$ cat target_32.cif   # mmCIF, C-alpha atoms
data_structure
loop_
_atom_site.label_atom_id
_atom_site.label_comp_id
_atom_site.auth_asym_id
_atom_site.auth_seq_id
_atom_site.Cartn_x
_atom_site.Cartn_y
_atom_site.Cartn_z
CA MET A 708 81.37 73.71 90.18
CA ALA A 709 84.64 75.13 88.93
CA SER A 710 87.41 72.59 88.72
CA SER A 711 90.23 75.17 88.79
CA PRO A 712 92.52 74.70 91.77
CA PRO A 713 92.09 77.33 94.48
CA VAL A 714 94.68 80.08 94.31
CA PRO A 715 96.18 81.19 97.63
CA PRO A 716 96.00 84.87 98.59
CA ASP A 717 99.62 85.42 97.65
CA GLY A 718 98.58 84.82 94.04
CA LEU A 719 96.39 87.95 94.09
CA SER A 720 97.35 91.36 92.76
CA ASP A 721 98.93 93.96 95.04
CA GLU A 722 95.71 95.96 94.88
CA ALA A 723 93.55 93.01 95.87
CA LEU A 724 95.80 92.20 98.82
CA LEU A 725 95.72 95.83 99.93
CA ALA A 726 91.95 95.76 99.80
CA GLY A 727 91.99 92.57 101.85
CA LEU A 728 94.28 94.09 104.46
CA THR A 729 92.16 97.24 104.63
CA PHE A 730 88.87 95.41 104.97
CA GLY A 731 90.14 92.99 107.60
CA ASP A 732 90.73 89.77 105.71
CA ALA A 733 93.34 87.87 107.73
CA GLU A 734 94.78 85.77 104.92
CA ALA A 735 95.08 88.67 102.52
CA GLY A 736 96.63 90.81 105.26
CA ARG A 737 99.25 88.17 105.98
CA ALA A 738 100.05 87.80 102.29
CA PHE A 739 100.31 91.58 101.91
CA VAL A 740 102.81 91.88 104.75
CA LEU A 741 104.81 88.95 103.44
CA ARG A 742 104.95 90.47 99.97
CA PHE A 743 106.13 93.93 101.04
CA GLN A 744 108.00 93.42 104.32
CA GLY A 745 111.42 93.03 102.69
CA ARG A 746 111.10 96.25 100.72
CA VAL A 747 109.55 98.22 103.56
CA TYR A 748 112.02 97.09 106.20
CA GLY A 749 114.92 97.44 103.77
CA LEU A 750 114.00 101.02 102.94
CA ALA A 751 113.51 101.95 106.59
CA LEU A 752 116.85 100.36 107.49
CA THR A 753 118.61 102.16 104.68
CA ILE A 754 117.34 105.55 105.78
CA LEU A 755 117.68 105.02 109.53
CA GLY A 756 120.66 102.69 109.82
CA ASP A 757 119.22 101.22 113.02
CA ARG A 758 117.54 97.82 112.99
CA ALA A 759 115.29 98.33 116.01
CA LEU A 760 114.06 101.71 114.84
CA ALA A 761 113.69 100.40 111.29
CA GLU A 762 111.40 97.63 112.55
CA ASP A 763 109.28 100.16 114.45
CA ILE A 764 108.95 102.30 111.34
CA ALA A 765 108.23 99.31 109.10
CA GLN A 766 105.48 98.15 111.46
CA GLU A 767 104.01 101.64 111.49
CA ALA A 768 104.10 101.73 107.68
CA PHE A 769 101.92 98.62 107.51
CA LEU A 770 99.52 100.09 110.07
CA ARG A 771 99.24 103.21 107.93
CA ALA A 772 98.54 101.04 104.90
CA TRP A 773 95.79 99.26 106.83
CA ARG A 774 94.22 102.50 108.07
CA HIS A 775 94.55 104.46 104.84
CA GLY A 776 94.21 101.70 102.25
CA PRO A 777 90.98 103.14 100.85
CA SER A 778 92.78 106.39 100.06
CA TYR A 779 95.25 104.56 97.83
CA ASP A 780 94.78 105.80 94.28
CA PRO A 781 96.24 103.54 91.58
CA ARG A 782 96.29 106.48 89.19
CA ARG A 783 99.07 108.00 91.29
CA GLY A 784 101.38 105.01 91.32
CA THR A 785 101.69 101.36 92.20
CA VAL A 786 100.97 99.87 95.60
CA ALA A 787 104.71 99.22 95.94
CA ALA A 788 105.48 102.89 95.30
CA TRP A 789 102.72 103.97 97.72
CA MET A 790 104.16 101.75 100.44
CA ALA A 791 107.65 103.07 99.70
CA ARG A 792 106.50 106.68 100.06
CA ILE A 793 104.72 105.92 103.34
CA THR A 794 107.84 104.22 104.68
CA ARG A 795 110.18 106.93 103.46
CA ASN A 796 108.12 109.72 105.03
CA LEU A 797 107.82 107.92 108.36
CA ALA A 798 111.55 107.21 108.39
CA ILE A 799 112.39 110.82 107.55
CA ASP A 800 110.17 112.02 110.41
CA ALA A 801 112.02 109.66 112.76
CA LEU A 802 115.33 110.78 111.33
CA ARG A 803 114.58 114.43 111.95
CA LEU A 804 113.97 113.68 115.63
CA ARG A 805 117.60 112.62 115.97
CA ARG A 806 119.13 114.63 113.21
CA ALA A 807 122.49 115.12 114.93
CA ASP A 808 123.23 111.42 114.51
CA VAL A 809 122.87 111.37 110.75
CA MET A 810 124.41 114.48 109.33
CA ASP A 811 126.37 112.57 106.72
CA PRO A 812 124.45 109.50 105.60
CA ASP A 813 126.10 107.01 103.32
CA VAL A 814 123.90 107.78 100.37
CA LEU A 815 125.32 105.06 98.18
CA ALA A 816 123.95 102.51 100.65
CA ALA A 817 120.53 103.52 99.39
CA VAL A 818 121.13 101.77 96.11
CA ALA A 819 123.61 99.10 97.13
CA PRO A 820 122.34 95.75 98.49
CA PRO A 821 123.32 95.28 102.13
CA SER A 822 125.43 92.30 103.03
CA ASP A 823 122.53 90.43 104.64
CA GLU A 824 120.26 90.56 101.60
CA SER A 825 119.23 86.97 101.10
CA VAL A 826 118.91 85.15 97.82
CA GLU A 827 115.15 85.11 98.33
CA ASP A 828 115.10 88.87 98.87
CA ALA A 829 117.42 89.47 95.96
CA ALA A 830 114.93 87.68 93.75
CA LEU A 831 112.45 90.42 94.55
CA ILE A 832 114.70 93.07 93.10
CA SER A 833 113.14 93.83 89.79
CA HIS A 834 114.69 94.47 86.48
CA ALA A 835 113.50 98.07 86.88
CA ALA A 836 115.45 98.45 90.12
CA THR A 837 118.56 97.14 88.45
CA ALA A 838 118.09 99.69 85.66
CA VAL A 839 117.76 102.50 88.21
CA ARG A 840 120.94 101.45 89.97
CA ARG A 841 122.75 101.32 86.64
CA ALA A 842 121.46 104.79 85.73
CA LEU A 843 122.58 106.24 89.05
CA ARG A 844 126.08 104.88 88.52
CA ARG A 845 126.25 106.83 85.26
CA LEU A 846 125.57 110.18 86.92
CA PRO A 847 128.35 112.48 88.06
CA GLU A 848 128.92 111.63 91.73
CA GLU A 849 127.79 115.04 92.97
CA GLN A 850 124.48 114.69 91.11
CA SER A 851 123.72 111.19 92.34
CA ARG A 852 124.60 112.24 95.88
CA ALA A 853 122.28 115.27 95.80
CA LEU A 854 119.52 113.21 94.19
CA LEU A 855 119.76 110.39 96.74
CA LEU A 856 119.90 112.82 99.66
CA ALA A 857 116.61 114.28 98.43
CA ALA A 858 114.92 111.03 97.38
CA PHE A 859 115.78 108.86 100.37
CA TYR A 860 116.58 111.30 103.18
CA GLY A 861 114.12 114.07 102.34
CA ARG A 862 116.84 116.73 102.25
CA THR A 863 115.67 119.99 100.70
CA ALA A 864 117.90 121.89 98.30
CA GLU A 865 118.64 124.36 101.08
CA GLU A 866 119.68 121.56 103.45
CA ILE A 867 121.88 120.01 100.76
CA SER A 868 123.39 123.42 100.09
CA ARG A 869 124.40 123.70 103.74
CA SER A 870 125.59 120.13 104.26
CA GLU A 871 127.55 120.00 101.01
CA ALA A 872 128.82 123.59 101.36
CA ILE A 873 127.62 124.58 97.89
CA PRO A 874 125.46 127.49 96.69
CA LEU A 875 121.68 126.94 96.86
CA GLY A 876 121.37 127.24 93.08
CA THR A 877 123.98 124.53 92.61
CA ALA A 878 122.10 122.19 94.94
CA LYS A 879 118.88 122.73 93.00
CA THR A 880 120.65 122.17 89.71
CA ARG A 881 122.24 118.93 90.88
CA ILE A 882 118.87 117.57 92.01
CA ARG A 883 117.17 118.59 88.79
CA LEU A 884 119.87 117.33 86.43
CA GLY A 885 120.20 114.12 88.41
CA LEU A 886 116.52 113.26 88.30
CA ARG A 887 116.15 114.21 84.63
CA ARG A 888 119.21 112.23 83.64
CA VAL A 889 117.94 109.14 85.45
CA ARG A 890 114.59 109.55 83.72
CA ALA A 891 116.27 109.87 80.34
CA LEU A 892 118.39 106.77 80.95
CA LEU A 893 115.36 104.77 82.06
CA THR A 894 113.28 105.72 79.07
CA THR A 895 115.99 105.30 76.46
CA PRO A 896 115.95 101.86 74.87
CA ALA A 897 119.14 99.85 75.44
CA GLY A 898 121.70 100.50 72.78
CA GLU A 899 120.44 104.00 71.96
CA GLU A 900 122.11 105.84 74.83
CA MET B 1459 104.12 131.82 87.76
CA ASP B 1460 105.04 130.85 84.21
CA CYS B 1461 105.94 127.39 82.91
CA ALA B 1462 109.68 128.04 82.93
CA GLU B 1463 109.63 128.85 86.63
CA ALA B 1464 107.30 125.92 87.36
CA VAL B 1465 109.46 123.45 85.45
CA SER B 1466 112.50 124.50 87.48
CA MET B 1467 110.71 123.37 90.67
CA LEU B 1468 108.95 120.21 89.51
CA ASP B 1469 111.85 117.92 90.38
CA GLU B 1470 111.84 119.01 94.01
CA LEU B 1471 108.05 118.59 94.13
CA ALA B 1472 108.29 115.11 92.62
CA LEU B 1473 110.87 114.18 95.26
CA ASP B 1474 108.64 115.72 97.96
CA VAL B 1475 111.35 118.11 99.17
CA LEU B 1476 109.90 121.41 97.96
CA PRO B 1477 109.36 123.80 100.90
CA GLY B 1478 105.78 124.87 101.54
CA ASP B 1479 106.23 128.52 100.60
CA ARG B 1480 107.37 127.51 97.09
CA ARG B 1481 104.95 124.64 96.83
CA THR B 1482 101.72 126.65 97.04
CA PRO B 1483 102.21 128.87 93.94
CA LEU B 1484 103.49 125.86 92.00
CA LEU B 1485 100.36 123.86 92.85
CA HIS B 1486 98.23 126.76 91.65
CA HIS B 1487 100.11 126.75 88.37
CA LEU B 1488 99.70 123.00 88.00
CA GLU B 1489 95.93 123.30 88.34
CA GLU B 1490 95.93 125.34 85.15
CA CYS B 1491 98.71 123.69 83.15
CA PRO B 1492 98.30 120.16 81.74
CA ALA B 1493 101.80 120.18 80.23
CA CYS B 1494 103.46 120.80 83.58
CA ARG B 1495 101.20 118.20 85.21
CA GLN B 1496 102.31 115.69 82.62
CA LEU B 1497 105.98 116.43 83.32
CA LEU B 1498 105.34 116.17 87.06
CA ASP B 1499 103.76 112.74 86.56
CA GLU B 1500 106.82 111.58 84.65
CA LEU B 1501 109.24 112.92 87.23
CA SER B 1502 107.18 111.45 90.08
CA GLU B 1503 107.34 108.08 88.36
CA THR B 1504 111.13 108.35 88.31
CA ALA B 1505 111.19 109.42 91.97
CA ASP B 1506 109.13 106.33 92.83
CA ALA B 1507 111.51 104.17 90.82
CA LEU B 1508 114.42 105.50 92.87
CA LEU B 1509 112.78 104.47 96.14
CA LEU B 1510 111.89 101.07 94.75
CA ALA B 1511 115.53 100.53 93.81
CA GLY B 1512 116.49 100.61 97.48
CA PRO B 1513 117.78 97.44 99.05
CA VAL B 1514 115.50 94.67 100.23
CA ALA B 1515 116.32 93.35 103.70
CA THR B 1516 115.00 90.46 105.73
CA PRO B 1517 113.16 91.81 108.77
CA PRO B 1518 113.72 90.27 112.22
CA VAL B 1519 112.07 86.94 112.98
CA GLY B 1520 108.43 87.37 113.96
CA PHE B 1521 108.01 90.70 112.17
CA GLN B 1522 104.96 89.56 110.22
CA ASP B 1523 103.19 88.34 113.36
CA ARG B 1524 103.94 91.55 115.23
CA VAL B 1525 102.48 93.64 112.41
CA LEU B 1526 99.34 91.54 112.23
CA ASP B 1527 98.96 91.62 116.01
CA ARG B 1528 98.99 95.42 115.86
CA VAL B 1529 96.42 95.42 113.08
CA ARG B 1530 94.20 93.06 115.07
CA ALA B 1531 94.53 94.99 118.33
CA PRO B 1532 91.92 97.69 117.52
CA ARG B 1533 89.48 94.99 116.47
CA ALA B 1534 90.07 93.10 119.72
CA ALA B 1535 89.41 96.29 121.67
CA ALA B 1536 86.12 96.72 119.84
CA ARG B 1537 85.29 93.13 120.64
CA ARG B 1538 85.96 93.56 124.39
CA GLY B 1539 83.57 96.50 124.50
CA SER B 1540 80.62 94.51 123.22
CA ALA B 1541 78.47 91.54 124.12
CA TRP B 1542 80.64 89.42 121.88
CA GLY B 1543 79.49 85.98 120.93
CA SER B 1544 76.70 85.56 118.43
CA ALA B 1545 77.19 85.73 114.69
CA ALA B 1546 75.02 88.84 114.61
CA THR B 1547 77.17 90.52 117.25
CA ARG B 1548 80.35 89.57 115.45
CA ARG B 1549 78.97 91.19 112.34
CA GLN B 1550 78.11 94.34 114.28
CA VAL B 1551 81.67 94.50 115.57
CA ARG B 1552 83.01 94.02 112.10
CA LEU B 1553 80.79 96.77 110.79
CA ARG B 1554 82.03 98.98 113.61
CA VAL B 1555 85.60 98.36 112.43
CA PHE B 1556 84.57 99.43 108.94
CA ALA B 1557 82.91 102.52 110.37
CA ALA B 1558 86.11 103.39 112.23
CA ALA B 1559 88.11 102.94 109.06
CA ALA B 1560 85.64 105.11 107.19
CA ALA B 1561 85.90 107.82 109.81
CA ALA B 1562 89.68 107.67 109.58
CA VAL B 1563 89.48 108.15 105.84
CA VAL B 1564 87.07 111.05 106.20
CA LEU B 1565 89.46 112.69 108.63
CA LEU B 1566 92.33 112.06 106.28
CA VAL B 1567 90.50 113.67 103.39
CA LEU B 1568 89.42 116.61 105.50
CA GLY B 1569 92.99 117.14 106.61
CA GLY B 1570 92.17 116.66 110.28
CA VAL B 1571 89.62 119.45 110.45
CA ALA B 1572 88.57 119.95 114.07
CA GLY B 1573 85.05 118.79 114.77
CA ALA B 1574 84.86 116.33 111.90
CA GLN B 1575 82.13 113.85 112.77
CA PHE B 1576 82.96 110.20 113.20
CA GLY B 1577 80.35 108.12 111.51
CA ARG B 1578 79.36 110.84 109.09
CA SER B 1579 80.29 108.50 106.30
CA GLY B 1580 76.95 106.82 106.69
CA SER B 1581 74.85 109.94 106.40
CA PRO B 1582 73.42 110.62 102.96
CA GLU B 1583 74.09 114.32 103.21
CA ALA B 1584 77.77 113.85 103.95
CA ALA B 1585 80.16 115.00 101.27
CA GLY B 1586 83.22 112.94 100.49
CA PRO B 1587 84.06 109.25 100.77
CA GLU B 1588 81.54 106.75 102.03
CA PHE B 1589 81.84 103.18 103.23
CA ARG B 1590 79.02 100.68 103.21
CA THR B 1591 78.98 97.04 104.18
CA VAL B 1592 76.06 94.75 103.42
CA GLN B 1593 75.45 91.05 103.82
CA LEU B 1594 76.22 88.56 101.08
CA VAL B 1595 73.32 86.12 100.91
CA SER B 1596 73.40 82.68 99.32
CA ALA B 1597 70.79 81.39 96.87
CA THR B 1598 69.15 79.60 99.82
CA GLY B 1599 68.99 82.77 101.89
CA SER B 1600 71.91 82.13 104.24
CA ASP B 1601 74.34 84.84 105.33
CA ILE B 1602 77.65 83.71 103.84
CA GLY B 1603 79.79 86.86 103.82
CA ASP B 1604 79.66 90.55 103.09
CA VAL B 1605 80.35 93.16 100.48
CA SER B 1606 81.95 96.51 101.30
CA THR B 1607 82.02 99.50 99.03
CA TYR B 1608 83.99 102.69 99.21
CA LEU B 1609 82.77 105.58 97.07
CA GLY B 1610 86.20 107.12 96.67
CA PRO B 1611 87.47 108.35 94.41
CA PRO B 1612 88.87 105.92 93.65
CA ALA B 1613 85.93 103.60 94.23
CA TRP B 1614 86.56 100.15 95.69
CA ILE B 1615 84.49 97.05 96.14
CA PHE B 1616 85.52 94.24 98.44
CA MET B 1617 83.70 90.89 98.60
CA ARG B 1618 84.30 88.42 101.39
CA LEU B 1619 83.08 84.86 101.65
CA ASP B 1620 82.86 83.41 105.15
CA GLY B 1621 81.66 79.93 104.34
CA ALA B 1622 79.08 77.61 102.86
CA LEU B 1623 80.24 77.58 99.24
CA PRO B 1624 82.39 74.74 97.85
CA ASN B 1625 86.01 75.29 96.96
CA GLY B 1626 86.51 76.78 93.55
CA VAL B 1627 86.62 79.94 91.49
CA TYR B 1628 83.70 82.34 91.48
CA GLN B 1629 83.18 85.27 89.14
CA CYS B 1630 82.31 88.53 90.94
CA VAL B 1631 80.02 90.89 89.06
CA ILE B 1632 78.14 94.09 89.83
CA ASP B 1633 74.80 95.17 88.37
CA THR B 1634 74.28 98.87 87.79
CA ASP B 1635 71.10 100.93 88.01
CA ALA B 1636 71.25 101.23 84.23
CA GLY B 1637 70.95 97.46 83.86
CA ARG B 1638 74.58 96.79 83.01
CA THR B 1639 76.44 93.80 84.50
CA VAL B 1640 80.16 94.39 84.99
CA PRO B 1641 82.65 91.65 85.88
CA ILE B 1642 85.05 92.89 88.57
CA GLY B 1643 87.24 89.89 89.27
CA LYS B 1644 87.43 86.32 90.49
CA LEU B 1645 87.23 85.03 94.01
CA TRP B 1646 88.95 81.78 94.95
CA ALA B 1647 87.20 79.97 97.76
CA THR B 1648 89.26 77.66 99.94
CA ASN B 1649 87.69 75.84 102.87
CA GLY B 1650 84.73 78.14 102.57
CA HIS B 1651 86.85 81.25 102.80
CA GLY B 1652 87.83 83.74 100.13
CA ALA B 1653 87.99 87.44 99.37
CA TRP B 1654 88.29 89.72 96.43
CA GLY B 1655 88.80 93.46 96.36
CA GLU B 1656 89.64 95.87 93.63
CA ARG B 1657 89.26 99.41 92.43
CA VAL B 1658 86.27 99.75 90.11
CA ASP B 1659 85.50 102.32 87.47
CA VAL B 1660 81.77 102.18 88.22
CA ASP B 1661 80.37 104.56 90.84
CA PRO B 1662 79.28 102.26 93.72
CA GLY B 1663 76.45 104.72 94.35
CA HIS B 1664 74.90 103.43 91.15
CA VAL B 1665 75.52 99.74 91.81
CA LYS B 1666 72.32 97.88 92.59
CA THR B 1667 73.71 94.45 93.44
CA ALA B 1668 76.98 92.57 93.70
CA ARG B 1669 76.86 88.87 92.86
CA MET B 1670 79.03 85.79 92.76
CA LEU B 1671 78.59 83.36 89.87
CA ASP B 1672 79.74 79.76 89.69
CA SER B 1673 81.51 78.29 86.66
CA SER B 1674 78.15 77.70 84.95
CA GLY B 1675 77.18 81.33 85.32
CA ASN B 1676 74.59 80.67 87.99
CA THR B 1677 74.21 83.23 90.77
CA VAL B 1678 75.25 81.62 94.06
CA ALA B 1679 75.32 84.73 96.26
CA THR B 1680 73.91 88.24 96.09
CA ALA B 1681 74.39 91.46 98.05
CA ALA B 1682 71.77 94.18 97.66
CA LEU B 1683 73.64 97.47 97.79
CA HIS B 1684 70.57 99.69 97.71
#

$ encode --input "target_32.cif" --output "structure tokens"
Amino acid sequence: MASSPPVPPDGLSDEALLAGLTFGDAEAGRAFVLRFQGRVYGLALTILGDRALAEDIAQEAFLRAWRHGPSYDPRRGTVAAWMARITRNLAIDALRLRRADVMDPDVLAAVAPPSDESVEDAALISHAATAVRRALRRLPEEQSRALLLAAFYGRTAEEISRSEAIPLGTAKTRIRLGLRRVRALLTTPAGEE
Amino acid sequence: MDCAEAVSMLDELALDVLPGDRRTPLLHHLEECPACRQLLDELSETADALLLAGPVATPPVGFQDRVLDRVRAPRAAARRGSAWGSAATRRQVRLRVFAAAAAAVVLLVLGGVAGAQFGRSGSPEAAGPEFRTVQLVSATGSDIGDVSTYLGPPAWIFMRLDGALPNGVYQCVIDTDAGRTVPIGKLWATNGHGAWGERVDVDPGHVKTARMLDSSGNTVATAALH
């Protein structure tokens, strides 16, 4: 018999844990929630700004992952990105139900750690996330604002045009230039920028 | 629509903020244009990176338990509606949960088409995704778990061990109709329990058996998939 020590479920890949959650394995499901709860709740809280509602949305995001796990396609992104998109879309739907309360979100909060982020949570923030935050800081403010309004709050160019009091074409340009500039900064090796 | 017009809209599509009336012609263009699809993939990757750069926050105490309670609730409801008790019955309930999940996936794929049939996933004539769950049988003929397959795409295989095998690491393999044996991962058994699931590049419709091997390469459990 193999002498290798047993590896707990939290040592499995994201994909394996998702499969476990989907197919009803209790230990894998618990490990999956533990692995992603900080990101999912953090994203919901960022978009909604309300802890109770953020918990509701985060719970719903995990239920969606359980129900729709088999539809996850690794060719279209990582499990983390899939969970983030589920959470973001649920939060935006909730946001639209009470739109009057959030006409002017603090977009910079989307990429700034909140004050209650623990050391343990901070350890989860990847090098890639740090690079994204650095890239966003290098954008002109109006571009990063338009980009974050679209990425986190689901604002269309037309909605940004209205809320920022700028022409529609300008809103589209800010979104496009912002995203392309971030991509360029992320794909340029350090020291060659 | 030409590439120049498409490229001007790809960022909004990648960020999922492109209105429907502009989305439809762009999607038609993307079907025909690999270069624009490639750019969309790159921009989508950046859009994902933005979301993943959002702050991590500690959820309220008990969050994990509340999530898992909600996941378990549908299973408990299924259990209450049956003559729950024997191992065979528990397996039937479990299979019913899989069937419900399969139906949900079918509905998802069909876009909520009215009249979609629950349970159609098991019918051979059904188009689209298909779930199957079969027993995992030990070398001595005991029922020690199950193997579930999802045709996809993408295809998945999930192996679950419920007991009877010693602690340790087991190699999971699948045998295809063409006689090929493909390793798909390793399952760690602890106190008789363990699970392994992963996307596979082999069509589960052409997988004859799924097996677990011990460290000596001996088959300790087999599931006959067809």

$ interface_residues --input "target_32.cif" --of "chain B" --to "chain A" --cutoff "7 Å" --atoms "all atoms listed in the file" --output "VMD selection string"
chain B and resid 1469 1473 1475 to 1476 1504 to 1517 1522 1525 1529 1559 1563 1612 1616 1625 to 1627 1646 to 1648 1653 to 1656 1672 to 1673

$ closest_residue --input "target_32.cif" --among "B:Gly1621, B:Arg1669, B:Arg1495, B:Cys1461" --to "B:Lys1644" --atoms "only C-alpha atoms"
B:Arg1669

$ closest_residue --input "target_32.cif" --among "B:Arg1638, B:Arg1657, B:Arg1590, B:His1664" --to "B:Ala1613" --atoms "only C-alpha atoms"
B:Arg1657

$ atom_distance --input "target_32.cif" --atom1 "atom CA of B:Val1660" --atom2 "atom CA of B:Glu1503"
26.2 Å

$ decode --input "target_32.cif" --residues "stretch 1466-1490 of chain B" --atoms "N, CA and C atoms" --output "compact mmCIF listing (two decimals), in the first residue's frame"
# COMPACT_ATOMS: atom_id res chain seq x y z
N SER B 1466 -13.39 47.75 -32.05
CA SER B 1466 -13.78 48.90 -31.22
C SER B 1466 -14.79 48.50 -30.13
N MET B 1467 -15.39 47.32 -30.26
CA MET B 1467 -16.41 46.91 -29.28
C MET B 1467 -15.95 45.76 -28.39
N LEU B 1468 -14.80 45.19 -28.70
CA LEU B 1468 -14.37 43.99 -27.97
C LEU B 1468 -14.14 44.23 -26.48
N ASP B 1469 -13.67 45.45 -26.15
CA ASP B 1469 -13.40 45.74 -24.74
C ASP B 1469 -14.68 45.69 -23.92
N GLU B 1470 -15.74 46.28 -24.47
CA GLU B 1470 -17.02 46.28 -23.74
C GLU B 1470 -17.57 44.86 -23.64
N LEU B 1471 -17.35 44.05 -24.69
CA LEU B 1471 -17.81 42.65 -24.61
C LEU B 1471 -17.01 41.89 -23.55
N ALA B 1472 -15.70 42.11 -23.54
CA ALA B 1472 -14.85 41.42 -22.56
C ALA B 1472 -15.25 41.79 -21.13
N LEU B 1473 -15.69 43.02 -20.95
CA LEU B 1473 -16.10 43.48 -19.61
C LEU B 1473 -17.56 43.17 -19.33
N ASP B 1474 -18.23 42.54 -20.31
CA ASP B 1474 -19.64 42.15 -20.18
C ASP B 1474 -20.55 43.35 -19.94
N VAL B 1475 -20.29 44.44 -20.65
CA VAL B 1475 -21.15 45.63 -20.55
C VAL B 1475 -21.63 46.08 -21.93
N LEU B 1476 -21.51 45.22 -22.92
CA LEU B 1476 -21.95 45.59 -24.27
C LEU B 1476 -23.45 45.33 -24.38
N PRO B 1477 -24.25 46.36 -24.71
CA PRO B 1477 -25.70 46.16 -24.83
C PRO B 1477 -26.03 45.11 -25.89
N GLY B 1478 -27.16 44.44 -25.69
CA GLY B 1478 -27.56 43.33 -26.54
C GLY B 1478 -27.66 43.67 -28.02
N ASP B 1479 -28.15 44.87 -28.34
CA ASP B 1479 -28.33 45.19 -29.76
C ASP B 1479 -27.00 45.33 -30.49
N ARG B 1480 -25.91 45.65 -29.75
CA ARG B 1480 -24.59 45.72 -30.38
C ARG B 1480 -23.86 44.39 -30.25
N ARG B 1481 -24.28 43.61 -29.31
CA ARG B 1481 -23.61 42.34 -29.05
C ARG B 1481 -23.86 41.33 -30.17
N THR B 1482 -25.09 41.25 -30.65
CA THR B 1482 -25.46 40.21 -31.61
C THR B 1482 -24.62 40.27 -32.90
N PRO B 1483 -24.54 41.44 -33.57
CA PRO B 1483 -23.70 41.46 -34.79
C PRO B 1483 -22.23 41.19 -34.50
N LEU B 1484 -21.77 41.61 -33.32
CA LEU B 1484 -20.37 41.35 -32.98
C LEU B 1484 -20.13 39.84 -32.81
N LEU B 1485 -21.06 39.17 -32.18
CA LEU B 1485 -20.90 37.71 -32.00
C LEU B 1485 -20.89 37.00 -33.34
N HIS B 1486 -21.71 37.48 -34.27
CA HIS B 1486 -21.69 36.89 -35.62
C HIS B 1486 -20.33 37.08 -36.27
N HIS B 1487 -19.77 38.27 -36.10
CA HIS B 1487 -18.44 38.51 -36.67
C HIS B 1487 -17.39 37.59 -36.04
N LEU B 1488 -17.49 37.42 -34.73
CA LEU B 1488 -16.49 36.61 -34.02
C LEU B 1488 -16.52 35.15 -34.48
N GLU B 1489 -17.70 34.68 -34.87
CA GLU B 1489 -17.79 33.30 -35.34
C GLU B 1489 -16.91 33.07 -36.57
N GLU B 1490 -16.72 34.15 -37.34
CA GLU B 1490 -16.00 34.02 -38.60
C GLU B 1490 -14.56 34.53 -38.52
